[in-house]
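S.K.: Input file: structure.txt. Contents: compact mmCIF, C-alpha atoms and all ligand atoms.
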# COMPACT_ATOMS: atom_id res chain seq x y z
CA MET Q 1 0.00 0.00 0.00
CA PRO Q 2 1.51 3.38 -0.92
CA GLN Q 3 2.46 5.72 1.91
CA TRP Q 4 -0.06 8.39 0.91
CA LEU Q 5 -2.89 5.87 1.27
CA THR Q 6 -1.76 4.72 4.73
CA ASP Q 7 -1.24 8.31 5.88
CA GLY Q 8 -4.48 9.68 4.47
CA ALA Q 9 -6.83 6.78 5.23
CA PRO Q 10 -7.70 7.93 8.78
CA HIS Q 11 -8.79 11.30 7.38
CA VAL Q 12 -10.66 10.60 4.15
CA TRP Q 13 -14.39 9.85 4.46
CA ARG Q 14 -15.33 7.75 1.44
CA PRO Q 15 -18.62 7.57 -0.54
CA TYR Q 16 -21.42 5.14 0.42
CA CYS Q 17 -18.97 3.47 2.76
CA GLN Q 18 -19.00 1.88 6.19
CA MET Q 19 -15.57 3.18 7.07
CA LYS Q 20 -14.99 0.62 9.80
CA THR Q 21 -15.48 -2.55 7.78
CA ALA Q 22 -14.86 -1.58 4.16
CA PRO Q 23 -11.75 -3.00 2.50
CA ALA Q 24 -9.07 -0.50 1.52
CA PRO Q 25 -9.74 1.19 -1.83
CA LEU Q 26 -7.51 0.39 -4.79
CA ALA Q 27 -4.72 2.94 -5.17
CA VAL Q 28 -4.76 4.51 -8.64
CA ALA Q 29 -1.56 5.77 -10.21
CA ARG Q 30 -2.71 6.75 -13.69
CA THR Q 31 -5.47 6.35 -16.25
CA ARG Q 32 -5.33 5.89 -20.02
CA GLY Q 33 -8.02 5.04 -22.58
CA ALA Q 34 -10.34 2.50 -20.98
CA ARG Q 35 -7.72 1.57 -18.35
CA ILE Q 36 -7.11 2.39 -14.72
CA ILE Q 37 -3.48 1.73 -13.79
CA LEU Q 38 -2.94 0.91 -10.13
CA GLU Q 39 0.01 1.85 -7.94
CA ASP Q 40 1.05 -1.81 -7.84
CA GLY Q 41 1.27 -1.84 -11.65
CA ARG Q 42 -1.94 -3.77 -12.36
CA GLU Q 43 -4.11 -2.47 -15.20
CA LEU Q 44 -7.87 -2.69 -14.86
CA VAL Q 45 -10.27 -2.25 -17.77
CA ASP Q 46 -12.86 0.20 -16.47
CA GLY Q 47 -16.26 -1.38 -17.07
CA ILE Q 48 -18.24 1.53 -15.64
CA ALA Q 49 -16.36 4.59 -16.98
CA SER Q 50 -15.94 6.04 -13.49
CA TRP Q 51 -19.62 6.36 -12.63
CA TRP Q 52 -20.62 6.83 -16.28
CA THR Q 53 -18.49 9.90 -16.92
CA ALA Q 54 -15.48 8.92 -19.05
CA CYS Q 55 -17.39 8.34 -22.30
CA HIS Q 56 -14.37 8.97 -24.57
CA GLY Q 57 -11.99 7.10 -22.27
CA TYR Q 58 -9.47 8.67 -19.94
CA ASN Q 59 -6.86 11.29 -20.87
CA HIS Q 60 -8.30 11.94 -24.30
CA PRO Q 61 -5.65 14.13 -25.96
CA HIS Q 62 -8.17 16.53 -27.49
CA ILE Q 63 -9.89 17.17 -24.14
CA ALA Q 64 -6.57 17.35 -22.29
CA ALA Q 65 -5.23 19.94 -24.76
CA ALA Q 66 -8.36 22.08 -24.44
CA VAL Q 67 -8.16 22.03 -20.63
CA MET Q 68 -4.44 22.79 -20.68
CA ALA Q 69 -4.93 25.77 -23.00
CA GLN Q 70 -7.77 27.10 -20.83
CA LEU Q 71 -5.69 26.57 -17.67
CA ASP Q 72 -3.15 28.95 -19.13
CA ARG Q 73 -5.78 31.49 -20.26
CA ALA Q 74 -8.07 31.59 -17.17
CA PRO Q 75 -8.71 28.62 -14.87
CA HIS Q 76 -11.68 30.25 -13.20
CA VAL Q 77 -13.60 33.49 -12.92
CA MET Q 78 -16.88 34.06 -11.14
CA PHE Q 79 -19.93 33.95 -13.42
CA GLY Q 80 -21.78 36.79 -11.69
CA GLY Q 81 -21.24 39.85 -13.89
CA LEU Q 82 -18.44 38.18 -15.89
CA ALA Q 83 -18.61 36.06 -19.03
CA HIS Q 84 -16.16 33.79 -20.84
CA GLU Q 85 -16.09 32.11 -24.20
CA PRO Q 86 -16.04 28.45 -23.08
CA ALA Q 87 -19.37 28.79 -21.22
CA TYR Q 88 -21.11 30.91 -23.86
CA ARG Q 89 -19.98 28.62 -26.65
CA LEU Q 90 -21.01 25.54 -24.68
CA ALA Q 91 -24.46 26.96 -23.93
CA SER Q 92 -25.17 27.70 -27.58
CA ARG Q 93 -23.90 24.28 -28.64
CA LEU Q 94 -26.02 22.45 -26.06
CA ALA Q 95 -29.07 24.48 -27.11
CA ALA Q 96 -28.42 23.54 -30.75
CA LEU Q 97 -27.97 19.84 -29.93
CA LEU Q 98 -31.05 19.53 -27.71
CA PRO Q 99 -34.43 19.19 -29.41
CA GLY Q 100 -37.27 21.69 -29.40
CA GLU Q 101 -36.90 24.93 -27.48
CA LEU Q 102 -34.59 23.62 -24.76
CA ASP Q 103 -32.48 26.72 -25.23
CA HIS Q 104 -31.70 28.26 -21.83
CA VAL Q 105 -28.71 26.76 -20.04
CA PHE Q 106 -28.04 27.23 -16.32
CA PHE Q 107 -24.67 25.77 -15.27
CA ALA Q 108 -23.72 24.15 -11.95
CA GLU Q 109 -21.04 21.72 -10.78
CA SER Q 110 -22.78 18.48 -9.89
CA GLY Q 111 -25.70 16.40 -11.00
CA SER Q 112 -27.59 16.70 -7.73
CA VAL Q 113 -27.31 20.47 -7.83
CA ALA Q 114 -28.57 20.57 -11.44
CA VAL Q 115 -31.59 18.53 -10.34
CA GLU Q 116 -32.15 20.87 -7.40
CA ILE Q 117 -32.01 23.81 -9.82
CA SER Q 118 -34.51 22.15 -12.15
CA MET Q 119 -36.84 21.68 -9.16
CA LYS Q 120 -36.36 25.30 -8.16
CA MET Q 121 -37.06 26.43 -11.74
CA ALA Q 122 -40.28 24.41 -11.74
CA LEU Q 123 -41.42 25.75 -8.35
CA GLN Q 124 -40.67 29.35 -9.27
CA TYR Q 125 -42.21 28.95 -12.74
CA TRP Q 126 -45.58 28.67 -11.00
CA ILE Q 127 -44.85 31.38 -8.41
CA ASN Q 128 -43.83 33.81 -11.16
CA ARG Q 129 -47.04 33.05 -13.04
CA GLY Q 130 -49.07 33.87 -9.92
CA VAL Q 131 -50.14 30.27 -9.28
CA ALA Q 132 -49.86 29.42 -5.57
CA GLY Q 133 -49.61 26.04 -3.88
CA ARG Q 134 -47.73 24.03 -6.50
CA THR Q 135 -45.03 22.80 -4.14
CA LYS Q 136 -44.86 19.04 -4.85
CA PHE Q 137 -43.22 16.79 -7.39
CA VAL Q 138 -44.18 13.50 -8.95
CA SER Q 139 -41.30 11.09 -9.47
CA PHE Q 140 -41.05 7.36 -10.09
CA LEU Q 141 -40.29 4.12 -8.29
CA GLY Q 142 -36.84 2.87 -9.29
CA GLY Q 143 -35.66 6.44 -9.84
CA TYR Q 144 -32.51 8.15 -8.59
CA HIS Q 145 -31.90 11.89 -8.84
CA GLY Q 146 -29.09 12.65 -6.40
CA ASP Q 147 -27.89 12.69 -2.82
CA THR Q 148 -28.71 16.24 -1.67
CA LEU Q 149 -31.71 16.70 0.60
CA ALA Q 150 -34.32 17.81 -1.95
CA THR Q 151 -33.22 15.28 -4.56
CA MET Q 152 -33.44 12.50 -1.95
CA THR Q 153 -37.19 13.18 -1.67
CA ILE Q 154 -37.75 12.29 -5.33
CA CYS Q 155 -35.64 9.11 -5.30
CA ASP Q 156 -37.26 5.73 -4.85
CA PRO Q 157 -37.64 5.52 -1.05
CA GLU Q 158 -37.02 1.76 -1.03
CA GLU Q 159 -33.78 2.18 -2.90
CA GLY Q 160 -30.87 1.63 -0.52
CA MET Q 161 -29.22 5.00 -0.45
CA HIS Q 162 -31.77 7.26 1.26
CA GLY Q 163 -34.26 5.05 3.12
CA LEU Q 164 -32.78 6.18 6.44
CA PHE Q 165 -34.04 9.72 5.93
CA SER Q 166 -37.74 9.07 5.37
CA GLY Q 167 -39.68 11.59 7.43
CA VAL Q 168 -36.86 14.14 7.45
CA MET Q 169 -37.95 15.97 4.31
CA PRO Q 170 -41.42 16.64 2.85
CA ALA Q 171 -42.84 13.59 1.10
CA GLN Q 172 -43.33 13.72 -2.66
CA HIS Q 173 -45.47 11.51 -4.87
CA VAL Q 174 -43.16 8.65 -5.86
CA VAL Q 175 -45.31 6.38 -8.03
CA ALA Q 176 -45.13 3.59 -10.62
CA LEU Q 177 -44.07 4.52 -14.16
CA PRO Q 178 -47.08 4.43 -16.50
CA ARG Q 179 -46.02 1.27 -18.33
CA ASP Q 180 -49.53 -0.06 -18.99
CA ALA Q 181 -53.17 1.06 -19.00
CA GLU Q 182 -53.58 0.40 -15.28
CA SER Q 183 -50.55 2.38 -14.09
CA GLU Q 184 -51.38 5.13 -16.58
CA ALA Q 185 -54.91 5.40 -15.18
CA ALA Q 186 -53.50 5.52 -11.63
CA LEU Q 187 -51.14 8.37 -12.51
CA ASP Q 188 -53.89 10.18 -14.41
CA ALA Q 189 -56.14 9.90 -11.34
CA LEU Q 190 -53.39 11.15 -9.02
CA LEU Q 191 -52.77 14.17 -11.25
CA ALA Q 192 -56.52 14.88 -11.52
CA GLU Q 193 -56.82 14.87 -7.74
CA LYS Q 194 -53.52 16.49 -6.70
CA GLY Q 195 -52.44 18.34 -9.84
CA HIS Q 196 -53.14 21.75 -8.25
CA GLU Q 197 -50.36 21.12 -5.71
CA ILE Q 198 -47.83 19.63 -8.16
CA ALA Q 199 -45.14 21.67 -9.92
CA ALA Q 200 -43.60 19.03 -12.18
CA LEU Q 201 -43.05 15.37 -13.00
CA ILE Q 202 -39.43 14.24 -13.09
CA VAL Q 203 -38.10 11.07 -14.70
CA GLU Q 204 -34.88 9.47 -15.87
CA PRO Q 205 -35.84 8.79 -19.50
CA ARG Q 206 -35.29 5.29 -20.92
CA VAL Q 207 -33.07 4.00 -18.08
CA GLN Q 208 -33.38 4.40 -14.34
CA GLY Q 209 -29.67 4.11 -13.64
CA ALA Q 210 -28.64 4.00 -10.00
CA GLY Q 211 -32.00 2.40 -9.10
CA GLY Q 212 -30.89 -0.77 -10.91
CA MET Q 213 -30.48 -0.03 -14.64
CA LEU Q 214 -34.21 -0.46 -15.17
CA LEU Q 215 -35.32 0.09 -18.78
CA HIS Q 216 -38.59 1.43 -20.11
CA ASP Q 217 -39.95 2.08 -23.60
CA ASP Q 218 -40.18 5.47 -25.20
CA SER Q 219 -43.95 5.03 -25.15
CA VAL Q 220 -43.76 5.56 -21.36
CA LEU Q 221 -42.18 8.95 -22.00
CA ALA Q 222 -44.88 9.83 -24.53
CA THR Q 223 -47.48 8.93 -21.89
CA LEU Q 224 -45.76 11.18 -19.35
CA ARG Q 225 -45.72 14.06 -21.84
CA ARG Q 226 -49.40 13.50 -22.60
CA LEU Q 227 -50.39 13.37 -18.91
CA ALA Q 228 -48.25 16.40 -18.03
CA ASP Q 229 -49.94 18.36 -20.83
CA ARG Q 230 -53.42 17.16 -19.91
CA HIS Q 231 -52.95 18.36 -16.33
CA GLY Q 232 -50.93 21.45 -17.20
CA LEU Q 233 -47.75 20.31 -15.44
CA LEU Q 234 -44.07 20.68 -16.28
CA LEU Q 235 -42.05 17.62 -17.28
CA ILE Q 236 -38.38 17.30 -16.31
CA PHE Q 237 -36.03 14.74 -17.87
CA ASP Q 238 -33.05 13.89 -15.68
CA GLU Q 239 -30.56 12.89 -18.41
CA ILE Q 240 -27.54 12.99 -16.12
CA PHE Q 241 -26.95 9.29 -16.86
CA THR Q 242 -28.61 8.91 -20.26
CA GLY Q 243 -27.15 12.03 -21.89
CA PHE Q 244 -24.26 11.94 -24.37
CA GLY Q 245 -24.80 8.75 -26.28
CA ARG Q 246 -25.16 6.17 -23.54
CA THR Q 247 -28.52 4.84 -24.79
CA GLY Q 248 -27.49 4.94 -28.45
CA ASP Q 249 -28.90 8.43 -29.13
CA LEU Q 250 -27.11 11.61 -28.13
CA PHE Q 251 -29.93 12.31 -25.67
CA ALA Q 252 -32.95 10.19 -24.72
CA CYS Q 253 -35.13 13.22 -25.44
CA SER Q 254 -33.86 13.54 -29.00
CA GLY Q 255 -34.02 9.78 -29.62
CA SER Q 256 -37.48 9.31 -28.16
CA GLY Q 257 -38.97 12.39 -29.76
CA VAL Q 258 -40.46 13.33 -26.39
CA ILE Q 259 -39.38 16.81 -25.40
CA PRO Q 260 -39.41 17.82 -21.73
CA ASP Q 261 -39.73 21.36 -20.34
CA ILE Q 262 -36.43 21.09 -18.46
CA VAL Q 263 -33.53 18.68 -18.91
CA THR Q 264 -30.59 18.06 -16.55
CA LEU Q 265 -27.15 17.00 -17.75
CA SER Q 266 -23.88 16.15 -15.98
CA LYS Q 267 -21.82 12.91 -15.73
CA ALA Q 268 -20.45 12.61 -19.32
CA LEU Q 269 -20.83 16.34 -20.06
CA THR Q 270 -17.08 16.95 -19.74
CA GLY Q 271 -16.11 13.50 -20.96
CA GLY Q 272 -15.35 12.60 -17.34
CA THR Q 273 -12.64 15.20 -16.98
CA LEU Q 274 -14.03 17.86 -14.64
CA PRO Q 275 -17.20 18.38 -12.63
CA LEU Q 276 -19.91 20.30 -14.51
CA SER Q 277 -23.68 20.11 -14.82
CA ALA Q 278 -26.53 22.03 -16.37
CA ALA Q 279 -30.26 22.49 -16.02
CA ILE Q 280 -31.61 23.52 -19.42
CA ALA Q 281 -35.03 25.11 -19.66
CA SER Q 282 -37.40 25.46 -22.57
CA ARG Q 283 -38.40 28.86 -23.84
CA LYS Q 284 -41.76 28.45 -22.06
CA VAL Q 285 -40.09 27.99 -18.68
CA PHE Q 286 -37.52 30.72 -19.28
CA GLU Q 287 -40.22 33.20 -20.27
CA ALA Q 288 -41.83 32.89 -16.83
CA PHE Q 289 -38.62 34.43 -15.42
CA TRP Q 290 -38.28 37.14 -18.12
CA SER Q 291 -39.65 40.25 -16.46
CA ASP Q 292 -39.05 43.86 -15.44
CA ASP Q 293 -39.48 42.61 -11.87
CA ALA Q 294 -36.08 41.78 -10.30
CA GLY Q 295 -37.89 39.50 -7.86
CA ALA Q 296 -38.88 37.18 -10.69
CA ALA Q 297 -35.23 36.27 -11.38
CA LEU Q 298 -33.88 32.78 -10.69
CA MET Q 299 -31.99 33.34 -7.45
CA HIS Q 300 -29.23 30.80 -7.81
CA GLY Q 301 -25.52 30.94 -8.56
CA PRO Q 302 -23.01 28.32 -7.45
CA THR Q 303 -19.53 29.75 -6.76
CA TYR Q 304 -17.85 27.58 -9.37
CA MET Q 305 -20.75 27.88 -11.83
CA ALA Q 306 -19.65 27.43 -15.46
CA ASN Q 307 -16.03 26.86 -14.45
CA PRO Q 308 -14.00 27.68 -17.59
CA LEU Q 309 -11.81 24.55 -17.38
CA ALA Q 310 -14.89 22.35 -17.12
CA CYS Q 311 -16.62 24.19 -19.97
CA ALA Q 312 -13.49 23.86 -22.12
CA ALA Q 313 -13.49 20.12 -21.43
CA ALA Q 314 -17.19 19.92 -22.32
CA ASN Q 315 -16.64 21.81 -25.59
CA ALA Q 316 -13.80 19.45 -26.47
CA SER Q 317 -16.02 16.48 -25.62
CA LEU Q 318 -18.72 17.88 -27.93
CA ASP Q 319 -16.10 18.22 -30.70
CA LEU Q 320 -15.49 14.49 -30.34
CA PHE Q 321 -19.21 13.76 -30.49
CA GLU Q 322 -19.55 15.98 -33.58
CA SER Q 323 -16.60 14.62 -35.50
CA GLY Q 324 -16.45 11.20 -34.03
CA SER Q 325 -17.33 7.61 -34.33
CA TRP Q 326 -19.32 7.45 -31.09
CA LYS Q 327 -22.46 6.08 -32.74
CA ALA Q 328 -20.63 3.22 -34.39
CA ASP Q 329 -18.69 2.60 -31.16
CA VAL Q 330 -21.87 2.47 -29.07
CA ALA Q 331 -23.37 0.00 -31.58
CA ARG Q 332 -20.19 -2.11 -31.48
CA ILE Q 333 -20.14 -2.11 -27.66
CA SER Q 334 -23.85 -2.82 -27.52
CA ALA Q 335 -23.38 -5.91 -29.67
CA ALA Q 336 -20.41 -7.06 -27.55
CA LEU Q 337 -22.46 -6.60 -24.38
CA ALA Q 338 -25.47 -8.49 -25.74
CA GLU Q 339 -23.35 -11.37 -27.00
CA GLY Q 340 -20.94 -11.47 -24.07
CA LEU Q 341 -23.55 -11.31 -21.32
CA GLU Q 342 -26.23 -13.50 -22.90
CA PRO Q 343 -24.73 -16.75 -21.46
CA CYS Q 344 -25.37 -15.34 -17.96
CA ARG Q 345 -29.07 -15.93 -18.51
CA GLY Q 346 -29.78 -19.11 -16.62
CA ALA Q 347 -26.73 -18.83 -14.35
CA PRO Q 348 -27.44 -19.34 -10.63
CA GLY Q 349 -29.52 -16.50 -9.19
CA VAL Q 350 -29.72 -14.56 -12.46
CA VAL Q 351 -33.22 -13.33 -13.31
CA ASP Q 352 -32.54 -11.06 -16.29
CA VAL Q 353 -29.92 -10.03 -18.82
CA ARG Q 354 -30.55 -6.83 -20.80
CA THR Q 355 -28.77 -4.35 -23.02
CA LEU Q 356 -29.54 -0.85 -24.25
CA GLY Q 357 -26.93 1.17 -26.11
CA ALA Q 358 -23.64 0.94 -24.22
CA ILE Q 359 -25.34 -0.41 -21.09
CA GLY Q 360 -25.27 -4.11 -20.26
CA VAL Q 361 -26.98 -5.55 -17.20
CA VAL Q 362 -27.08 -8.88 -15.39
CA GLU Q 363 -29.77 -8.79 -12.72
CA PHE Q 364 -29.98 -11.17 -9.78
CA ALA Q 365 -32.96 -12.13 -7.64
CA GLN Q 366 -31.19 -10.84 -4.52
CA ALA Q 367 -28.79 -8.03 -3.76
CA VAL Q 368 -25.26 -9.19 -4.58
CA ASP Q 369 -22.15 -9.03 -2.37
CA ALA Q 370 -20.87 -5.92 -4.14
CA GLY Q 371 -17.57 -5.72 -2.25
CA GLY Q 372 -16.70 -9.38 -2.72
CA LEU Q 373 -17.58 -9.35 -6.41
CA CYS Q 374 -15.70 -6.11 -6.98
CA ALA Q 375 -12.54 -7.72 -5.55
CA ARG Q 376 -12.95 -10.79 -7.79
CA PHE Q 377 -13.42 -8.60 -10.86
CA ALA Q 378 -10.23 -6.72 -9.96
CA GLU Q 379 -8.36 -10.05 -9.82
CA LEU Q 380 -9.58 -10.65 -13.35
CA GLY Q 381 -8.25 -7.27 -14.51
CA CYS Q 382 -11.55 -5.40 -14.48
CA TRP Q 383 -13.05 -2.49 -12.59
CA ILE Q 384 -16.70 -3.46 -12.17
CA ARG Q 385 -18.70 -2.28 -9.17
CA PRO Q 386 -22.06 -4.02 -8.74
CA MET Q 387 -24.99 -2.07 -7.38
CA GLY Q 388 -27.89 -3.63 -5.46
CA LYS Q 389 -29.15 -6.57 -7.51
CA VAL Q 390 -27.27 -5.74 -10.67
CA VAL Q 391 -23.84 -6.35 -12.12
CA TYR Q 392 -23.59 -3.95 -15.03
CA LEU Q 393 -21.24 -2.52 -17.61
CA THR Q 394 -21.25 1.04 -18.93
CA PRO Q 395 -17.80 1.11 -20.53
CA PRO Q 396 -16.10 4.06 -22.23
CA PHE Q 397 -17.02 4.20 -25.94
CA VAL Q 398 -13.35 3.66 -26.85
CA THR Q 399 -13.19 0.27 -25.13
CA SER Q 400 -11.62 -2.14 -27.63
CA ASP Q 401 -13.10 -5.48 -28.64
CA ALA Q 402 -10.40 -7.28 -26.62
CA GLU Q 403 -11.16 -5.14 -23.57
CA MET Q 404 -14.89 -5.80 -24.01
CA ALA Q 405 -14.11 -9.52 -24.10
CA ARG Q 406 -12.16 -9.18 -20.85
CA LEU Q 407 -15.10 -7.37 -19.19
CA THR Q 408 -17.86 -9.72 -20.29
CA GLY Q 409 -15.60 -12.76 -19.74
CA ALA Q 410 -14.98 -11.66 -16.15
CA ILE Q 411 -18.71 -11.34 -15.51
CA ARG Q 412 -19.39 -14.76 -17.02
CA ALA Q 413 -16.64 -16.30 -14.90
CA VAL Q 414 -17.79 -14.69 -11.67
CA VAL Q 415 -21.46 -15.43 -12.33
CA GLY Q 416 -20.67 -19.05 -13.18
CA ALA Q 417 -22.10 -18.91 -16.73
C1 LIG L 1 -25.53 10.52 -10.84
C2 LIG L 1 -26.91 11.05 -11.01
C3 LIG L 1 -27.35 12.18 -10.32
C4 LIG L 1 -26.50 12.89 -9.29
O1 LIG L 1 -25.35 13.43 -9.84
P1 LIG L 1 -24.13 13.83 -8.85
O2 LIG L 1 -23.17 14.50 -9.75
O3 LIG L 1 -23.63 12.56 -8.27
O4 LIG L 1 -24.69 14.75 -7.83
C5 LIG L 1 -28.62 12.63 -10.56
N1 LIG L 1 -29.43 12.01 -11.45
C6 LIG L 1 -29.03 10.94 -12.14
C7 LIG L 1 -29.96 10.32 -13.14
C8 LIG L 1 -27.77 10.41 -11.94
O5 LIG L 1 -27.39 9.31 -12.60
Let me see the file written as structure tokens.

M.R.:
Amino acid sequence: MPQWLTDGAPHVWRPYCQMKTAPAPLAVARTRGARIILEDGRELVDGIASWWTACHGYNHPHIAAAVMAQLDRAPHVMFGGLAHEPAYRLASRLAALLPGELDHVFFAESGSVAVEISMKMALQYWINRGVAGRTKFVSFLGGYHGDTLATMTICDPEEGMHGLFSGVMPAQHVVALPRDAESEAALDALLAEKGHEIAALIVEPRVQGAGGMLLHDDSVLATLRRLADRHGLLLIFDEIFTGFGRTGDLFACSGSGVIPDIVTLSKALTGGTLPLSAAIASRKVFEAFWSDDAGAALMHGPTYMANPLACAAANASLDLFESGSWKADVARISAALAEGLEPCRGAPGVVDVRTLGAIGVVEFAQAVDAGGLCARFAELGCWIRPMGKVVYLTPPFVTSDAEMARLTGAIRAVVGA
């Protein structure tokens, strides 16, 4: 174990971690492409792209060069009263890439904060329009929207991370996705009864990620749009996981043809290089804030909002999406996942195997021993971190065929397929 790890371990409080019993984390020396290189010299193929961020792989030279150039020019300036090219260019590019009138980009530094901002936009949208009492949200079972207090209230309450806090924050309506006539009628009835106190519906489109990589059809999103319109409510898509090619389309909203009123982005926004997020509002939402009344402004502004280094990384990442082979890569990885994981169907305890875009999932009947499995995957040269009942892969789009074979082979070996 390197000295820095021994020295620092008593002082670093790690994520989602029982500090007393958790095994020591793996010490990382470097990263490159789809690989994490450990201090002891081992190379792991990263099967989850560092929590779904490193879509182009690590240390991409184009992103690195952009960040380096910006570091020399201006690493950071406050965004209140000051403007810089990386953020303004990024905002106009995101507006052009997103469908419909999703044109108004508010930057922040983390996914949870972007979701909080989208909730605040929705609440104040109604206040600014003189409609009182719309203080609640509708979200969906299986959903995950962040770890901050307000975002915890719209996560699935049964889902491991936040159950402890039930009762601490105001309860929201967390209900079943309208997948069939029955659940659609139930949601329709809820909105008919409670719509006057609801500001918005919020959903992770196509894939509920942290809740267990649960997939739903685009028809579910069309139903949500229809119900939101029928009851005059805003619809928020949390695309923090699904954005930037992961499902096979650049965004779930563009691929599904269902356009929300607000969309949140983060994770792969900078290609996994620096923290950055955005809540992007439609013209309709933005117009509720456009006023001669200073009090109607959106009162929000994170200190590191629109950090120039992060925006430069995001612009460079968008260059790669514009010029690049991401679509073919996602299709190639999707095929490798489907083929490589299919034999797991029928393995002991496995109840489902599914793939969408560059997401491959093996689901078990029971929660898996995440720590134990993670260690076995590392022995097989892979960084794979199971979550609840699922062992999943969300590799960087640059993962080679041989690296894909290592990842899916490790899962088959560990699962006993
Ligand atoms: C990861 C995630 C978040 C939270 O983002 P952080 O940057 O971890 O705060 C919110 N919503 C979705 C869908 C996510 O996947």

S.K.: May I have the residues within 10 Å of ligand LIG 1 (chain L), computed using only C-alpha atoms and all ligand atoms, as a PDB file with C-alpha atoms, in the coordinates of the input?

M.R.:
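Final file, part_23.pdb:
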ATOM      1  CA  TRP Q  51     -19.620   6.360 -12.630  1.00  0.00           C
ATOM      2  CA  TRP Q  52     -20.620   6.830 -16.280  1.00  0.00           C
ATOM      3  CA  THR Q  53     -18.490   9.900 -16.920  1.00  0.00           C
ATOM      4  CA  ALA Q 108     -23.720  24.150 -11.950  1.00  0.00           C
ATOM      5  CA  GLU Q 109     -21.040  21.720 -10.780  1.00  0.00           C
ATOM      6  CA  SER Q 110     -22.780  18.480  -9.890  1.00  0.00           C
ATOM      7  CA  GLY Q 111     -25.700  16.400 -11.000  1.00  0.00           C
ATOM      8  CA  SER Q 112     -27.590  16.700  -7.730  1.00  0.00           C
ATOM      9  CA  VAL Q 113     -27.310  20.470  -7.830  1.00  0.00           C
ATOM     10  CA  ALA Q 114     -28.570  20.570 -11.440  1.00  0.00           C
ATOM     11  CA  VAL Q 115     -31.590  18.530 -10.340  1.00  0.00           C
ATOM     12  CA  GLU Q 116     -32.150  20.870  -7.400  1.00  0.00           C
ATOM     13  CA  GLY Q 143     -35.660   6.440  -9.840  1.00  0.00           C
ATOM     14  CA  TYR Q 144     -32.510   8.150  -8.590  1.00  0.00           C
ATOM     15  CA  HIS Q 145     -31.900  11.890  -8.840  1.00  0.00           C
ATOM     16  CA  GLY Q 146     -29.090  12.650  -6.400  1.00  0.00           C
ATOM     17  CA  ASP Q 147     -27.890  12.690  -2.820  1.00  0.00           C
ATOM     18  CA  THR Q 148     -28.710  16.240  -1.670  1.00  0.00           C
ATOM     19  CA  THR Q 151     -33.220  15.280  -4.560  1.00  0.00           C
ATOM     20  CA  MET Q 152     -33.440  12.500  -1.950  1.00  0.00           C
ATOM     21  CA  CYS Q 155     -35.640   9.110  -5.300  1.00  0.00           C
ATOM     22  CA  VAL Q 203     -38.100  11.070 -14.700  1.00  0.00           C
ATOM     23  CA  GLU Q 204     -34.880   9.470 -15.870  1.00  0.00           C
ATOM     24  CA  PRO Q 205     -35.840   8.790 -19.500  1.00  0.00           C
ATOM     25  CA  VAL Q 207     -33.070   4.000 -18.080  1.00  0.00           C
ATOM     26  CA  GLN Q 208     -33.380   4.400 -14.340  1.00  0.00           C
ATOM     27  CA  GLY Q 209     -29.670   4.110 -13.640  1.00  0.00           C
ATOM     28  CA  ALA Q 210     -28.640   4.000 -10.000  1.00  0.00           C
ATOM     29  CA  GLY Q 211     -32.000   2.400  -9.100  1.00  0.00           C
ATOM     30  CA  PHE Q 237     -36.030  14.740 -17.870  1.00  0.00           C
ATOM     31  CA  ASP Q 238     -33.050  13.890 -15.680  1.00  0.00           C
ATOM     32  CA  GLU Q 239     -30.560  12.890 -18.410  1.00  0.00           C
ATOM     33  CA  ILE Q 240     -27.540  12.990 -16.120  1.00  0.00           C
ATOM     34  CA  PHE Q 241     -26.950   9.290 -16.860  1.00  0.00           C
ATOM     35  CA  THR Q 242     -28.610   8.910 -20.260  1.00  0.00           C
ATOM     36  CA  GLY Q 243     -27.150  12.030 -21.890  1.00  0.00           C
ATOM     37  CA  THR Q 264     -30.590  18.060 -16.550  1.00  0.00           C
ATOM     38  CA  LEU Q 265     -27.150  17.000 -17.750  1.00  0.00           C
ATOM     39  CA  SER Q 266     -23.880  16.150 -15.980  1.00  0.00           C
ATOM     40  CA  LYS Q 267     -21.820  12.910 -15.730  1.00  0.00           C
ATOM     41  CA  PRO Q 275     -17.200  18.380 -12.630  1.00  0.00           C
ATOM     42  CA  LEU Q 276     -19.910  20.300 -14.510  1.00  0.00           C
ATOM     43  CA  SER Q 277     -23.680  20.110 -14.820  1.00  0.00           C
TER      44      SER Q 277
END

S.K.: Between atom CA of Phe251 of chain Q and atom CA of Ser282 of chain Q, what is the spacing in Å?

M.R.: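 Interatomic distance, atom CA of Ser282 of chain Q to atom CA of Phe251 of chain Q: 15.4 Å.
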
S.K.: Could you give me, as JSON, numbers by chain, the residues within 10 Å of segment 310-317 of chain Q, counting only C-alpha atoms and dropping anything in the same chain fewer than 2 positions from it?

M.R.: {"Q": [55, 56, 60, 61, 62, 63, 64, 65, 66, 67, 68, 69, 70, 71, 75, 76, 84, 85, 86, 87, 88, 89, 90, 91, 93, 94, 107, 109, 244, 266, 268, 269, 270, 271, 272, 273, 274, 275, 276, 277, 304, 305, 306, 307, 308, 319, 320, 321, 322, 324]}

S.K.: Give me the residues within 8 Å of Leu177 of chain Q as an MDAnalysis selection string, counting only C-alpha atoms and dropping any in the same chain fewer than 5 places off.

M.R.: chainID Q and resid 140:141 183:184 220

S.K.: Can I get the selected residues back with C-alpha atoms, as a PDB file, in the frame of the given file?

M.R.:
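Produced file out14.pdb, reproduced below:
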ATOM      1  CA  PHE Q 140     -41.050   7.360 -10.090  1.00  0.00           C
ATOM      2  CA  LEU Q 141     -40.290   4.120  -8.290  1.00  0.00           C
ATOM      3  CA  SER Q 183     -50.550   2.380 -14.090  1.00  0.00           C
ATOM      4  CA  GLU Q 184     -51.380   5.130 -16.580  1.00  0.00           C
ATOM      5  CA  VAL Q 220     -43.760   5.560 -21.360  1.00  0.00           C
TER       6      VAL Q 220
END
